[in-house]
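Structure data follow from protein_5.tsv (TSV, C-alpha atoms):
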```tsv
chain	number	residue	atom	x	y	z
A	1	MET	CA	-12.89	-16.02	-6.61
A	2	LEU	CA	-12.84	-14.81	-10.21
A	3	PRO	CA	-9.53	-13.70	-11.72
A	4	ARG	CA	-9.02	-9.98	-11.11
A	5	PHE	CA	-7.13	-7.60	-13.37
A	6	PHE	CA	-6.17	-3.95	-13.01
A	7	VAL	CA	-7.00	-1.85	-16.07
A	8	PRO	CA	-6.06	1.80	-15.52
A	9	ALA	CA	-8.50	3.44	-17.95
A	10	GLY	CA	-11.52	2.96	-20.17
A	11	LEU	CA	-13.89	1.23	-17.77
A	12	ALA	CA	-17.41	2.51	-18.45
A	13	PRO	CA	-20.93	1.04	-18.88
A	14	GLY	CA	-21.16	-1.11	-22.00
A	15	ALA	CA	-17.51	-0.64	-22.92
A	16	THR	CA	-15.24	-3.18	-24.51
A	17	VAL	CA	-11.66	-2.65	-23.36
A	18	GLU	CA	-8.39	-4.06	-24.60
A	19	LEU	CA	-6.35	-5.56	-21.80
A	20	PRO	CA	-2.76	-4.34	-21.41
A	21	GLN	CA	-0.22	-6.66	-23.02
A	22	ALA	CA	1.22	-7.96	-19.74
A	23	THR	CA	-2.27	-8.56	-18.34
A	24	ALA	CA	-3.36	-10.38	-21.48
A	25	HIS	CA	-0.26	-12.58	-21.37
A	26	HIS	CA	-0.95	-13.48	-17.73
A	27	ALA	CA	-4.59	-14.29	-18.48
A	28	LEU	CA	-3.85	-16.42	-21.54
A	29	ARG	CA	-0.50	-18.04	-20.80
A	30	VAL	CA	-0.46	-18.30	-17.00
A	31	LEU	CA	-4.12	-18.64	-15.99
A	32	ARG	CA	-5.11	-20.34	-19.27
A	33	LEU	CA	-8.34	-18.37	-19.54
A	34	GLY	CA	-10.32	-18.96	-22.69
A	35	ASP	CA	-12.78	-17.02	-24.81
A	36	GLY	CA	-15.85	-16.10	-22.73
A	37	ALA	CA	-14.15	-16.54	-19.36
A	38	ALA	CA	-15.61	-14.48	-16.52
A	39	VAL	CA	-13.22	-11.97	-14.91
A	40	VAL	CA	-13.26	-8.89	-12.69
A	41	LEU	CA	-11.69	-5.59	-13.79
A	42	PHE	CA	-10.93	-2.55	-11.65
A	43	ASP	CA	-9.20	0.78	-12.26
A	44	GLY	CA	-7.98	1.50	-8.72
A	45	HIS	CA	-10.46	4.29	-7.97
A	46	GLY	CA	-13.19	2.19	-6.34
A	47	GLY	CA	-15.64	-0.39	-7.55
A	48	GLU	CA	-15.17	-3.28	-9.95
A	49	TRP	CA	-16.63	-4.59	-13.19
A	50	PHE	CA	-17.70	-8.13	-13.97
A	51	ALA	CA	-16.71	-8.86	-17.56
A	52	ARG	CA	-16.27	-11.56	-20.20
A	53	LEU	CA	-13.09	-12.09	-22.20
A	54	VAL	CA	-13.14	-11.94	-25.99
A	55	ARG	CA	-10.07	-13.06	-27.89
A	56	ALA	CA	-9.29	-11.56	-31.28
A	57	GLY	CA	-6.00	-13.03	-32.50
A	58	PRO	CA	-3.18	-11.77	-30.30
A	59	VAL	CA	-5.46	-9.15	-28.72
A	60	LEU	CA	-7.50	-9.90	-25.60
A	61	ARG	CA	-10.52	-7.74	-24.86
A	62	ALA	CA	-13.10	-7.69	-22.09
A	63	VAL	CA	-16.79	-6.80	-22.45
A	64	LEU	CA	-18.02	-5.07	-19.32
A	65	GLU	CA	-21.30	-6.38	-17.94
A	66	THR	CA	-22.20	-5.30	-14.38
A	67	PHE	CA	-20.66	-2.91	-11.84
A	68	ASP	CA	-20.16	-3.38	-8.09
A	69	ALA	CA	-19.40	-0.15	-6.22
A	70	GLY	CA	-17.68	-1.80	-3.25
A	71	ASP	CA	-14.01	-1.00	-2.60
A	72	ARG	CA	-13.28	-3.19	0.49
A	73	LEU	CA	-11.12	-0.54	2.13
A	74	PRO	CA	-11.46	-0.25	5.91
A	75	ALA	CA	-12.98	2.89	7.35
A	76	LEU	CA	-9.69	3.37	9.21
A	77	ASN	CA	-7.46	5.53	7.01
A	78	ILE	CA	-3.79	4.66	7.63
A	79	THR	CA	-0.71	5.98	5.85
A	80	LEU	CA	2.42	3.90	6.33
A	81	VAL	CA	5.62	5.95	6.32
A	82	GLN	CA	8.45	3.45	5.99
A	83	GLY	CA	12.13	4.10	6.56
A	84	LEU	CA	13.79	2.77	3.42
A	85	PRO	CA	15.05	-0.78	4.07
A	86	ALA	CA	17.78	-2.74	2.34
A	87	ALA	CA	17.48	-5.09	-0.64
A	88	ASP	CA	13.96	-6.01	-1.75
A	89	LYS	CA	12.30	-5.73	1.68
A	90	MET	CA	10.28	-2.73	0.54
A	91	ASP	CA	8.51	-4.93	-2.02
A	92	TRP	CA	7.33	-7.22	0.78
A	93	ILE	CA	6.28	-4.28	2.95
A	94	VAL	CA	4.23	-2.68	0.15
A	95	GLN	CA	2.58	-5.99	-0.71
A	96	LYS	CA	1.57	-6.87	2.85
A	97	ALA	CA	0.53	-3.33	3.79
A	98	THR	CA	-1.76	-3.26	0.75
A	99	GLU	CA	-3.29	-6.61	1.71
A	100	LEU	CA	-3.97	-5.22	5.20
A	101	GLY	CA	-5.86	-2.22	3.81
A	102	VAL	CA	-3.40	0.66	4.09
A	103	ALA	CA	-4.58	3.84	2.34
A	104	ALA	CA	-1.17	5.19	1.26
A	105	ILE	CA	2.53	4.38	1.52
A	106	ARG	CA	5.38	6.88	1.83
A	107	PRO	CA	9.03	5.74	1.72
A	108	VAL	CA	11.51	7.98	3.55
A	109	ALA	CA	15.30	7.95	3.66
A	110	ALA	CA	16.77	8.05	7.17
A	111	LYS	CA	20.39	8.26	8.28
A	112	ARG	CA	20.59	4.50	8.81
A	113	SER	CA	18.95	3.63	5.50
A	114	VAL	CA	21.43	1.45	3.63
A	115	VAL	CA	19.89	2.00	0.19
A	116	ARG	CA	20.32	5.43	-1.40
A	117	LEU	CA	18.06	6.39	-4.29
A	118	SER	CA	17.83	9.55	-6.37
A	119	GLY	CA	16.84	10.81	-9.78
A	120	GLU	CA	15.77	8.31	-12.42
A	121	ARG	CA	16.68	5.32	-10.27
A	122	MET	CA	14.40	6.58	-7.50
A	123	ALA	CA	11.54	7.17	-9.96
A	124	ARG	CA	11.88	3.62	-11.31
A	125	ARG	CA	11.78	2.13	-7.82
A	126	VAL	CA	8.70	4.12	-6.82
A	127	GLN	CA	6.98	3.03	-10.05
A	128	HIS	CA	7.95	-0.58	-9.28
A	129	TRP	CA	6.51	-0.33	-5.76
A	130	GLN	CA	3.29	1.08	-7.21
A	131	GLN	CA	3.02	-1.98	-9.44
A	132	VAL	CA	3.59	-4.20	-6.40
A	133	ALA	CA	0.59	-2.47	-4.77
A	134	VAL	CA	-1.49	-3.04	-7.92
A	135	ALA	CA	-0.64	-6.76	-7.95
A	136	ALA	CA	-1.51	-7.01	-4.25
A	137	CYS	CA	-4.91	-5.42	-4.94
A	138	GLU	CA	-5.55	-7.92	-7.71
A	139	GLN	CA	-4.90	-10.72	-5.23
A	140	CYS	CA	-6.62	-9.42	-2.09
A	141	GLY	CA	-9.79	-7.95	-3.62
A	142	CYS	CA	-9.21	-4.29	-2.79
A	143	ASN	CA	-10.50	-1.98	-5.53
A	144	ARG	CA	-8.61	1.14	-4.45
A	145	VAL	CA	-4.88	1.04	-5.03
A	146	PRO	CA	-2.86	2.78	-2.29
A	147	ALA	CA	-0.65	5.49	-3.74
A	148	VAL	CA	3.08	5.03	-3.22
A	149	ALA	CA	4.44	8.54	-2.77
A	150	PRO	CA	7.84	9.72	-4.03
A	151	LEU	CA	10.78	9.12	-1.70
A	152	LEU	CA	11.68	11.98	0.64
A	153	ASP	CA	14.46	12.48	3.15
A	154	LEU	CA	13.12	12.17	6.68
A	155	PRO	CA	13.57	15.90	7.54
A	156	GLN	CA	11.67	16.88	4.38
A	157	TYR	CA	8.84	14.52	5.27
A	158	LEU	CA	8.64	15.65	8.90
A	159	GLY	CA	8.29	19.25	7.74
A	160	LEU	CA	5.22	18.25	5.75
A	161	ALA	CA	3.80	15.98	8.45
A	162	ALA	CA	3.84	18.75	11.05
A	163	THR	CA	1.14	20.57	9.04
A	164	HIS	CA	-1.23	17.59	8.83
A	165	ASN	CA	-4.30	17.08	11.01
A	166	ASP	CA	-4.04	13.40	11.86
A	167	THR	CA	-3.00	10.97	14.58
A	168	ARG	CA	0.76	10.49	14.19
A	169	LEU	CA	2.49	7.43	15.67
A	170	VAL	CA	6.14	6.39	15.51
A	171	LEU	CA	7.33	2.95	16.59
A	172	ALA	CA	9.77	3.35	19.47
A	173	PRO	CA	10.59	0.00	21.11
A	174	GLY	CA	10.65	0.21	24.88
A	175	SER	CA	9.67	3.86	25.13
A	176	GLY	CA	6.06	4.16	23.98
A	177	ARG	CA	2.67	2.99	25.11
A	178	GLY	CA	0.81	0.14	23.48
A	179	LEU	CA	-2.20	0.29	21.22
A	180	ARG	CA	-4.48	-1.19	23.89
A	181	GLY	CA	-4.09	1.96	25.95
A	182	MET	CA	-5.18	4.22	23.12
A	183	GLU	CA	-8.65	5.28	22.07
A	184	LYS	CA	-9.70	4.74	18.47
A	185	PRO	CA	-8.55	7.77	16.44
A	186	ALA	CA	-11.32	10.00	15.15
A	187	GLY	CA	-9.60	10.60	11.81
A	188	ALA	CA	-6.65	9.52	9.71
A	189	VAL	CA	-3.59	7.80	11.18
A	190	THR	CA	0.03	8.07	10.08
A	191	LEU	CA	2.41	5.32	11.17
A	192	LEU	CA	6.16	6.01	10.98
A	193	ILE	CA	8.62	3.08	10.93
A	194	GLY	CA	12.41	3.32	11.09
A	195	PRO	CA	14.88	1.50	8.82
A	196	GLU	CA	17.23	-1.28	9.95
A	197	GLY	CA	18.71	-0.16	13.25
A	198	GLY	CA	15.88	2.30	13.85
A	199	PHE	CA	16.00	6.07	13.86
A	200	GLU	CA	18.95	7.90	15.37
A	201	GLU	CA	18.24	9.87	18.54
A	202	GLY	CA	18.11	13.19	16.71
A	203	GLU	CA	15.67	11.80	14.17
A	204	MET	CA	13.39	10.47	16.88
A	205	CYS	CA	13.46	13.85	18.62
A	206	ALA	CA	12.55	15.52	15.32
A	207	ALA	CA	9.65	13.10	14.83
A	208	LEU	CA	8.32	13.85	18.32
A	209	ALA	CA	8.65	17.58	17.64
A	210	ALA	CA	6.59	17.07	14.46
A	211	GLY	CA	3.72	15.66	16.53
A	212	PHE	CA	4.46	11.93	16.44
A	213	GLU	CA	3.59	9.94	19.55
A	214	PRO	CA	5.87	7.00	20.47
A	215	LEU	CA	4.29	3.57	20.17
A	216	ALA	CA	5.58	0.22	21.43
A	217	LEU	CA	4.60	-3.25	20.24
A	218	GLY	CA	5.37	-5.40	23.26
A	219	PRO	CA	8.71	-6.37	24.81
A	220	ARG	CA	10.39	-7.62	21.62
A	221	VAL	CA	12.19	-5.59	18.96
A	222	LEU	CA	10.83	-6.32	15.49
A	223	ARG	CA	12.67	-6.05	12.21
A	224	THR	CA	11.74	-3.08	10.05
A	225	GLU	CA	9.92	-5.28	7.52
A	226	THR	CA	7.90	-6.87	10.34
A	227	ALA	CA	7.19	-3.84	12.52
A	228	GLY	CA	4.92	-1.84	10.23
A	229	VAL	CA	2.95	-4.87	9.07
A	230	ALA	CA	2.46	-6.06	12.67
A	231	ALA	CA	1.31	-2.61	13.77
A	232	LEU	CA	-1.12	-2.34	10.85
A	233	ALA	CA	-2.60	-5.74	11.65
A	234	ALA	CA	-3.02	-4.78	15.30
A	235	MET	CA	-4.70	-1.48	14.39
A	236	MET	CA	-7.08	-3.22	12.02
A	237	ALA	CA	-7.93	-5.74	14.74
A	238	LEU	CA	-8.56	-3.06	17.37
A	239	TRP	CA	-9.97	-0.19	15.32
A	240	GLY	CA	-10.61	-1.44	11.78
A	241	ASP	CA	-12.50	-4.22	10.06
A	242	PHE	CA	-10.74	-7.39	11.27
```
Would you encode the structure as structure tokens?
Amino acid sequence: MLPRFFVPAGLAPGATVELPQATAHHALRVLRLGDGAAVVLFDGHGGEWFARLVRAGPVLRAVLETFDAGDRLPALNITLVQGLPAADKMDWIVQKATELGVAAIRPVAAKRSVVRLSGERMARRVQHWQQVAVAACEQCGCNRVPAVAPLLDLPQYLGLAATHNDTRLVLAPGSGRGLRGMEKPAGAVTLLIGPEGGFEEGEMCAALAAGFEPLALGPRVLRTETAGVAALAAMMALWGDF
């Protein structure tokens, strides 16, 4: 597999683009790519370019050659709504969800969320998670980068979700039906995962009132960083492209 790099703008037929500084450093210092090396560039909106590297002093450029319109996203459109976990678990969740083909990721703050983010600190974390998704796309071959939405409190999010026309599922250990008993959704799917300790009873009631259907993943209780990824993998195996 050729080295893949995300370049957010400037990809067009016949173009020569300058790679961002961090990307150039990774290509030259980490991967040890030389002048004329073959690479793949993508801008996150679908498709990818085969290109050749051209080094000009400290600047690294790429000459675009041919275009492949494939994006490698599954036909199954899933949004992962993740209750904000502690520490750096959200990085892992974003990375693995992207590898599994999720279409979008929405962090939400629930009552049992240990981490509290707001203002500039929240904006920096969301930007960081978006970069985690970009890096995961570079690794897994996906050419569409899932958008990481701004953090919302759970009640705010549920007010928005109630207006959407999609299949809404919330993990509820021991109280929901399994995926095997469900028919493949006709449209988009939204999967809601609680933080450590799960949702409080009032929050679960609010989710059900907003149109979420309880879903169980077998007899064991999974950690928050495992639950969403396991559910996504199961959905892709049953309804997607696995």
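With distances taken over all atoms listed in the file, A:Cys137 is the one residue among A:Ala104, A:Cys137, A:Val148, A:Ala230 lying closest to Gly46 (chain A).
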At most 10 Å from (17.6, -5.0, 3.7), file frame, all atoms listed in the file: which residues, as a CSV table (one decimal) with C-alpha atoms, keeping the file's coordinate frame?
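In the end it all went to out.csv:
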```csv
chain,number,residue,atom,x,y,z
A,84,LEU,CA,13.8,2.8,3.4
A,85,PRO,CA,15.0,-0.8,4.1
A,86,ALA,CA,17.8,-2.7,2.3
A,87,ALA,CA,17.5,-5.1,-0.6
A,88,ASP,CA,14.0,-6.0,-1.8
A,89,LYS,CA,12.3,-5.7,1.7
A,90,MET,CA,10.3,-2.7,0.5
A,113,SER,CA,19.0,3.6,5.5
A,114,VAL,CA,21.4,1.4,3.6
A,115,VAL,CA,19.9,2.0,0.2
A,195,PRO,CA,14.9,1.5,8.8
A,196,GLU,CA,17.2,-1.3,10.0
A,223,ARG,CA,12.7,-6.0,12.2
A,224,THR,CA,11.7,-3.1,10.0
A,225,GLU,CA,9.9,-5.3,7.5
```
Practice prompt. Rounded to one decimal place, report the CA of Ala233 (chain A)-CA of Met204 (chain A) distance in Å.
Written response: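 Those two atoms sit 23.4 Å apart.
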Practice prompt. Provide the CA of Leu217 (chain A) to CA of Leu238 (chain A) distance in Å, to one decimal place.
Written response: 13.5 Å
Practice prompt. Pick out the closest residue to Arg180 (chain A) from this set: A:Ala231, A:Pro13, A:Glu18, A:Glu203. Count all atoms listed in the file.
Written response: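 Among the listed residues, A:Ala231 lies closest to Arg180 (chain A).
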Report, as JSON, the centre and edge lengths in Å (one decimal) of the axis-aligned box enclosing every listed atom of region 24-30 of chain A, padded by 5 Å on each side.
```
{"center_x": -2.4, "center_y": -14.3, "center_z": -19.3, "size_x": 14.3, "size_y": 17.9, "size_z": 14.5}
```
Worksheet item: Looking at A:Ala206, A:Met182, A:Leu232, A:Ala51, which one is nearest to Val94 (chain A), with distances taken over only C-alpha atoms?
Response: A:Leu232
Selection: 12 Å around region 25-29 of chain A, only C-alpha atoms, excl. self and same-chain fewer than 4 positions, as an mmCIF file with C-alpha atoms, in the coordinates of the input:
```cif
data_model
loop_
_atom_site.group_PDB
_atom_site.id
_atom_site.type_symbol
_atom_site.label_atom_id
_atom_site.label_comp_id
_atom_site.auth_asym_id
_atom_site.auth_seq_id
_atom_site.Cartn_x
_atom_site.Cartn_y
_atom_site.Cartn_z
ATOM 1 C CA LEU A 2 -12.840 -14.810 -10.210
ATOM 2 C CA PRO A 3 -9.530 -13.700 -11.720
ATOM 3 C CA ARG A 4 -9.020 -9.980 -11.110
ATOM 4 C CA PHE A 5 -7.130 -7.600 -13.370
ATOM 5 C CA PHE A 6 -6.170 -3.950 -13.010
ATOM 6 C CA LEU A 19 -6.350 -5.560 -21.800
ATOM 7 C CA PRO A 20 -2.760 -4.340 -21.410
ATOM 8 C CA GLN A 21 -0.220 -6.660 -23.020
ATOM 9 C CA LEU A 33 -8.340 -18.370 -19.540
ATOM 10 C CA GLY A 34 -10.320 -18.960 -22.690
ATOM 11 C CA ASP A 35 -12.780 -17.020 -24.810
ATOM 12 C CA ALA A 37 -14.150 -16.540 -19.360
ATOM 13 C CA ALA A 38 -15.610 -14.480 -16.520
ATOM 14 C CA VAL A 39 -13.220 -11.970 -14.910
ATOM 15 C CA VAL A 40 -13.260 -8.890 -12.690
ATOM 16 C CA LEU A 53 -13.090 -12.090 -22.200
ATOM 17 C CA VAL A 54 -13.140 -11.940 -25.990
ATOM 18 C CA ARG A 55 -10.070 -13.060 -27.890
ATOM 19 C CA GLY A 57 -6.000 -13.030 -32.500
ATOM 20 C CA PRO A 58 -3.180 -11.770 -30.300
ATOM 21 C CA VAL A 59 -5.460 -9.150 -28.720
ATOM 22 C CA LEU A 60 -7.500 -9.900 -25.600
ATOM 23 C CA ARG A 61 -10.520 -7.740 -24.860
ATOM 24 C CA ALA A 62 -13.100 -7.690 -22.090
ATOM 25 C CA ALA A 135 -0.640 -6.760 -7.950
#
```
Item to complete: Could you jot down the CA of Glu213 (chain A) to CA of Trp239 (chain A) separation for me, Å, one decimal place?
Response: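 Going from CA of Glu213 (chain A) over to CA of Trp239 (chain A) covers 17.4 Å.
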Complete region 31-52 of chain A with N, CA and C atoms (output as a tab-separated table (two decimals), keeping the file's coordinate frame).
```
chain	number	residue	atom	x	y	z
A	31	LEU	N	-2.85	-18.16	-16.54
A	31	LEU	CA	-4.12	-18.64	-15.99
A	31	LEU	C	-4.88	-19.52	-16.97
A	32	ARG	N	-4.47	-19.52	-18.24
A	32	ARG	CA	-5.11	-20.34	-19.27
A	32	ARG	C	-6.60	-20.04	-19.42
A	33	LEU	N	-6.95	-18.76	-19.39
A	33	LEU	CA	-8.34	-18.37	-19.54
A	33	LEU	C	-8.71	-18.37	-21.02
A	34	GLY	N	-9.88	-18.87	-21.31
A	34	GLY	CA	-10.32	-18.96	-22.69
A	34	GLY	C	-11.34	-17.89	-23.06
A	35	ASP	N	-11.77	-17.94	-24.31
A	35	ASP	CA	-12.78	-17.02	-24.81
A	35	ASP	C	-14.07	-17.18	-24.00
A	36	GLY	N	-14.62	-16.06	-23.51
A	36	GLY	CA	-15.85	-16.10	-22.73
A	36	GLY	C	-15.65	-16.27	-21.25
A	37	ALA	N	-14.41	-16.37	-20.80
A	37	ALA	CA	-14.15	-16.54	-19.36
A	37	ALA	C	-14.61	-15.32	-18.58
A	38	ALA	N	-15.16	-15.56	-17.40
A	38	ALA	CA	-15.61	-14.48	-16.52
A	38	ALA	C	-14.43	-13.95	-15.71
A	39	VAL	N	-14.30	-12.62	-15.66
A	39	VAL	CA	-13.22	-11.97	-14.91
A	39	VAL	C	-13.76	-10.73	-14.22
A	40	VAL	N	-12.94	-10.15	-13.35
A	40	VAL	CA	-13.26	-8.89	-12.69
A	40	VAL	C	-12.18	-7.88	-13.08
A	41	LEU	N	-12.61	-6.67	-13.47
A	41	LEU	CA	-11.69	-5.59	-13.79
A	41	LEU	C	-11.90	-4.44	-12.83
A	42	PHE	N	-10.82	-3.75	-12.48
A	42	PHE	CA	-10.93	-2.55	-11.65
A	42	PHE	C	-9.86	-1.55	-12.07
A	43	ASP	N	-10.14	-0.26	-11.83
A	43	ASP	CA	-9.20	0.78	-12.26
A	43	ASP	C	-8.49	1.46	-11.09
A	44	GLY	N	-8.70	0.97	-9.88
A	44	GLY	CA	-7.98	1.50	-8.72
A	44	GLY	C	-8.65	2.65	-8.03
A	45	HIS	N	-9.79	3.12	-8.55
A	45	HIS	CA	-10.46	4.29	-7.97
A	45	HIS	C	-11.74	3.92	-7.23
A	46	GLY	N	-11.98	2.64	-7.04
A	46	GLY	CA	-13.19	2.19	-6.34
A	46	GLY	C	-14.13	1.46	-7.27
A	47	GLY	N	-14.71	0.40	-6.76
A	47	GLY	CA	-15.64	-0.39	-7.55
A	47	GLY	C	-14.94	-1.35	-8.49
A	48	GLU	N	-15.72	-2.28	-9.04
A	48	GLU	CA	-15.17	-3.28	-9.95
A	48	GLU	C	-16.23	-3.70	-10.96
A	49	TRP	N	-15.75	-4.17	-12.11
A	49	TRP	CA	-16.63	-4.59	-13.19
A	49	TRP	C	-16.52	-6.09	-13.39
A	50	PHE	N	-17.67	-6.75	-13.53
A	50	PHE	CA	-17.70	-8.13	-13.97
A	50	PHE	C	-17.73	-8.11	-15.50
A	51	ALA	N	-16.88	-8.93	-16.11
A	51	ALA	CA	-16.71	-8.86	-17.56
A	51	ALA	C	-16.47	-10.25	-18.14
A	52	ARG	N	-16.55	-10.32	-19.48
A	52	ARG	CA	-16.27	-11.56	-20.20
A	52	ARG	C	-15.14	-11.29	-21.19
```
